[in-house]
Amino acid sequence: MDWQASPLREPSKAVPGAAAATLLDAPSLAVAMEAAAAAMETTLDRLLPPPAGPEAGLYEAMRYASLGGGKRLRPFLVLASAALFSADETGARRAGAAIEMIHCYSLIHDDLPCMDDDNLRRGRPTVHKAFDEATAVLAGDGLLTLAFEVLAAPETDADAAIRAALVVELARAAGAHGMVGGQALDLAAECRAAPFALPEVTRLQQWKTGALIAAACQMGALLGRADETARQALKAYGRDLGLAFQIADDLLDVEGETATVGKTVGKDAAQGKAPFVSLLGIEEAHCKADALVAEAARHLAPFGAKARLLGELAAFVVNRRS
Ligand code: GRG
């Protein structure tokens with residue numbers, strides 16, 4: 001197909017390290033996140049199939065779900081982690097786009113009537129509302145598989161062993177012992193008479209949302225050929241960040257407003273979800289999220305000033321309003 005011939009096969013034109021240094025030099029986290037989001041929009045636009053042919057509805061739905069919205073948190077983590085090691089920016093963008101595709105697929109499927117049955121996502125009708133259920137399922141499937149095609153292409157990294165490691169990292173984080181497993185635990189929790197206790201809830205959330213966030217940091221480290229010590233430090237940072245993110249998400253469901261958050265709030269709490277808030281209470285949940293942010297920042301110490309943005313991102317994640 002033509003669209004594959006160019007975006008997926010295009011040779012890297014980036015000067016290794018050049019743009020990566022620009023991201024770390026951004027005057028503020030907001031500027032850096034905006035730049036990363038703009039880069040991601042362009043990369044996703046080029047990697048996603050243009051709507052054409054009798055199957056155009058599928059491609060439109062994949063593009064609708066992936067373009068023009070979201071904080072692009074996971075790609076930002078790939079780009080900022082890769083930049084710590086001055087990794088080639090083209091590879092980091094492609095890896096960032098791949099993880100965002102997985103994230104967008106999970107949102108499409110999570111919103112389906114057989115899962116959370118939501119009408120609003122990123123301030124717009126969910127994919128099954130804007131299209132139909134079958135198209136939404138297929139759009140999620142299409143994004144899931146395209147993500148791995150992008151990672152496995154030589155343009156992502158010249159070294160096949162690195163590409164294979166990226167594929168394994170993302171597959172583990174997204175699969176049955178990661179995001180999909182976490183979603184299954186979430187569904188199982190709904191059918192139980194007794195609610196999950198804190199250790200079970202923590203494992204559920206580490207799998208459901210934490211795994212992908214941690215994988216984003218690891219993918220940056222892989223692209224940057226980070227040594228074991230640096231990889232472990234980023235792993236610990238990603239783990240704490242992922243959990244802090246989920247606690248903040250629970251708090252947003254209780255404290256946020258639908259118009260700002262861009263999805264229906266209050267629903268989880270009404271259904272006995274928002275588990276961290278249910279188990280800890282609002283005040284304790286805030287304290288736990290703040291403690292995790294401080295811990296996440298401590299793991300970045302070996303990287304010095306270069307990790308400033310990642311430290312600020314942890315604080316952003318718990319203070320965000322959407
Ligand atoms: C259905 C396979 C499958 C998995 C679903 C991650 C997940 C598992 C569902 C997402 C549902 C959800 C709202 C989870 C809470 C945490 C979360 C992932 C919030 C959305 O992530 P943000 O805030 O969203 O990064 P944006 O829109 O900014 O990208």
# chains A, B, ... in the order shown; residues from 1 in each chain; ligands from 1
>>> closest_atom_pairs(of="chain A", to="ligand 1", cutoff="7 Å", atoms="only C-alpha atoms and all ligand atoms", output="CSV")
residue,atom,partner,partner_atom_place_in_ligand_line,distance
A:Gly69,CA,ligand 1,27 (O),6.5
A:Gly70,CA,ligand 1,28 (O),3.6
A:Lys71,CA,ligand 1,28 (O),3.8
A:Arg72,CA,ligand 1,29 (O),5.5
A:Leu73,CA,ligand 1,25 (O),5.6
A:His103,CA,ligand 1,6 (C),6.8
A:Ser106,CA,ligand 1,3 (C),4.3
A:Leu107,CA,ligand 1,10 (C),4.8
A:His109,CA,ligand 1,1 (C),4.4
A:Asp110,CA,ligand 1,1 (C),4.1
A:Arg122,CA,ligand 1,27 (O),5.3
A:Met179,CA,ligand 1,8 (C),5.5
A:Val180,CA,ligand 1,2 (C),4.6
A:Gly182,CA,ligand 1,8 (C),6.8
A:Gln183,CA,ligand 1,8 (C),5.0
A:Lys208,CA,ligand 1,6 (C),5.3
A:Thr209,CA,ligand 1,6 (C),5.1
A:Gln246,CA,ligand 1,16 (C),5.9
A:Asp249,CA,ligand 1,16 (C),6.0
A:Ser322,CA,ligand 1,23 (O),6.6
>>> residues_around(residues="Ala152 of chain A", least_positions_apart="2", cutoff="10 Å", atoms="only C-alpha atoms", output="PyMOL selection string")
chain A and resi 8+95+146-150+154-157+160+162-167
>>> select_by_dssp(residues="segment 102-147 of chain A", states="strand (DSSP E or B)", output="MDAnalysis selection string")
chainID A and resid 120:121 124:125
>>> select_by_dssp(residues="segment 136-246 of chain A", states="helix (DSSP H, G or I)", output="MDAnalysis selection string")
chainID A and resid 136:152 160:174 179:191 198:223 228:246
>>> atom_distance(atom1="atom CA of Ala184 of chain A", atom2="atom CA of Leu112 of chain A")
14.6 Å
>>> closest_residue(among="A:Ala289, A:Ala211, A:Glu255, A:Ala297", to="Ala233 of chain A", atoms="only C-alpha atoms")
A:Ala297
>>> closest_residue(among="A:Lys306, A:His177, A:Arg94, A:Arg321", to="Asp250 of chain A", atoms="only C-alpha atoms")
A:Arg321
>>> closest_residue(among="A:Pro302, A:Pro275, A:Gly281, A:Pro49", to="Gly142 of chain A", atoms="only C-alpha atoms")
A:Pro49
>>> atom_distance(atom1="atom CA of Ala307 of chain A", atom2="atom CA of Leu24 of chain A")
8.0 Å
>>> atom_distance(atom1="atom CA of Met33 of chain A", atom2="atom CA of Phe76 of chain A")
6.6 Å
>>> closest_residue(among="A:Thr145, A:Thr135, A:Asn119, A:Thr126", to="Met101 of chain A", atoms="only C-alpha atoms")
A:Thr145
>>> residues_around(residues="Ala37 of chain A", least_positions_apart="6", cutoff="12 Å", atoms="only C-alpha atoms", output="NGL selection string")
:A and (23 or 29-31 or 43-44 or 66-79 or 93 or 96-97 or 100)
>>> residues_around(residues="Glu200 of chain A", least_positions_apart="6", cutoff="12 Å", atoms="only C-alpha atoms", output="JSON, numbers by chain")
{"A": [182, 185, 186, 188, 189, 194, 206, 207, 275, 276, 279]}
>>> decode(residues="segment 161-185 of chain A", atoms="N, CA, C and O atoms", output="short mmCIF file (atom, residue, chain, number, x, y, z; two decimals), in the first residue's frame")
data_model
loop_
_atom_site.label_atom_id
_atom_site.label_comp_id
_atom_site.auth_asym_id
_atom_site.auth_seq_id
_atom_site.Cartn_x
_atom_site.Cartn_y
_atom_site.Cartn_z
N ALA A 161 18.05 -5.91 17.28
CA ALA A 161 17.91 -6.36 18.67
C ALA A 161 17.19 -5.30 19.51
O ALA A 161 16.39 -5.63 20.39
N ILE A 162 17.48 -4.04 19.24
CA ILE A 162 16.77 -2.96 19.96
C ILE A 162 15.30 -2.95 19.56
O ILE A 162 14.41 -2.82 20.41
N ARG A 163 15.04 -3.13 18.27
CA ARG A 163 13.63 -3.14 17.83
C ARG A 163 12.88 -4.29 18.50
O ARG A 163 11.74 -4.12 18.96
N ALA A 164 13.52 -5.45 18.56
CA ALA A 164 12.87 -6.60 19.20
C ALA A 164 12.63 -6.31 20.69
O ALA A 164 11.56 -6.63 21.23
N ALA A 165 13.60 -5.67 21.33
CA ALA A 165 13.44 -5.35 22.77
C ALA A 165 12.30 -4.35 22.98
O ALA A 165 11.55 -4.45 23.95
N LEU A 166 12.16 -3.40 22.05
CA LEU A 166 11.05 -2.43 22.14
C LEU A 166 9.71 -3.15 22.01
O LEU A 166 8.75 -2.87 22.74
N VAL A 167 9.66 -4.09 21.06
CA VAL A 167 8.41 -4.83 20.85
C VAL A 167 8.05 -5.64 22.10
O VAL A 167 6.90 -5.63 22.56
N VAL A 168 9.05 -6.31 22.68
CA VAL A 168 8.79 -7.11 23.88
C VAL A 168 8.33 -6.20 25.03
O VAL A 168 7.37 -6.52 25.74
N GLU A 169 9.01 -5.08 25.21
CA GLU A 169 8.67 -4.16 26.30
C GLU A 169 7.21 -3.70 26.19
O GLU A 169 6.45 -3.74 27.16
N LEU A 170 6.83 -3.29 24.98
CA LEU A 170 5.47 -2.77 24.80
C LEU A 170 4.43 -3.89 24.88
O LEU A 170 3.35 -3.72 25.46
N ALA A 171 4.78 -5.04 24.31
CA ALA A 171 3.82 -6.16 24.34
C ALA A 171 3.55 -6.61 25.78
O ALA A 171 2.41 -6.85 26.16
N ARG A 172 4.62 -6.70 26.59
CA ARG A 172 4.44 -7.11 27.99
C ARG A 172 3.58 -6.11 28.74
O ARG A 172 2.68 -6.48 29.50
N ALA A 173 3.85 -4.82 28.52
CA ALA A 173 3.12 -3.77 29.26
C ALA A 173 1.65 -3.72 28.84
O ALA A 173 0.77 -3.42 29.64
N ALA A 174 1.39 -4.01 27.55
CA ALA A 174 0.01 -3.88 27.05
C ALA A 174 -0.81 -5.15 27.23
O ALA A 174 -2.04 -5.10 27.16
N GLY A 175 -0.13 -6.28 27.47
CA GLY A 175 -0.81 -7.57 27.38
C GLY A 175 -1.43 -8.11 28.66
O GLY A 175 -1.81 -7.35 29.56
N ALA A 176 -1.51 -9.43 28.73
CA ALA A 176 -2.26 -10.11 29.79
C ALA A 176 -1.65 -9.93 31.17
O ALA A 176 -2.32 -10.13 32.18
N HIS A 177 -0.34 -9.61 31.23
CA HIS A 177 0.27 -9.31 32.53
C HIS A 177 0.55 -7.82 32.66
O HIS A 177 1.43 -7.40 33.41
N GLY A 178 -0.20 -7.04 31.91
CA GLY A 178 -0.09 -5.58 31.95
C GLY A 178 -1.48 -4.99 31.82
O GLY A 178 -2.41 -5.37 32.55
N MET A 179 -1.64 -4.09 30.84
CA MET A 179 -2.89 -3.33 30.73
C MET A 179 -4.14 -4.21 30.57
O MET A 179 -5.14 -4.01 31.26
N VAL A 180 -4.05 -5.21 29.67
CA VAL A 180 -5.23 -6.07 29.45
C VAL A 180 -5.53 -6.89 30.71
O VAL A 180 -6.70 -7.03 31.11
N GLY A 181 -4.48 -7.39 31.38
CA GLY A 181 -4.69 -8.13 32.63
C GLY A 181 -5.30 -7.24 33.69
O GLY A 181 -6.18 -7.68 34.46
N GLY A 182 -4.84 -5.98 33.75
CA GLY A 182 -5.38 -5.04 34.73
C GLY A 182 -6.86 -4.76 34.48
O GLY A 182 -7.65 -4.67 35.42
N GLN A 183 -7.20 -4.66 33.20
CA GLN A 183 -8.62 -4.45 32.86
C GLN A 183 -9.45 -5.66 33.29
O GLN A 183 -10.56 -5.51 33.80
N ALA A 184 -8.89 -6.87 33.10
CA ALA A 184 -9.60 -8.10 33.51
C ALA A 184 -9.77 -8.12 35.03
O ALA A 184 -10.84 -8.50 35.54
N LEU A 185 -8.74 -7.71 35.75
CA LEU A 185 -8.85 -7.64 37.22
C LEU A 185 -9.93 -6.64 37.62
O LEU A 185 -10.70 -6.87 38.56
#
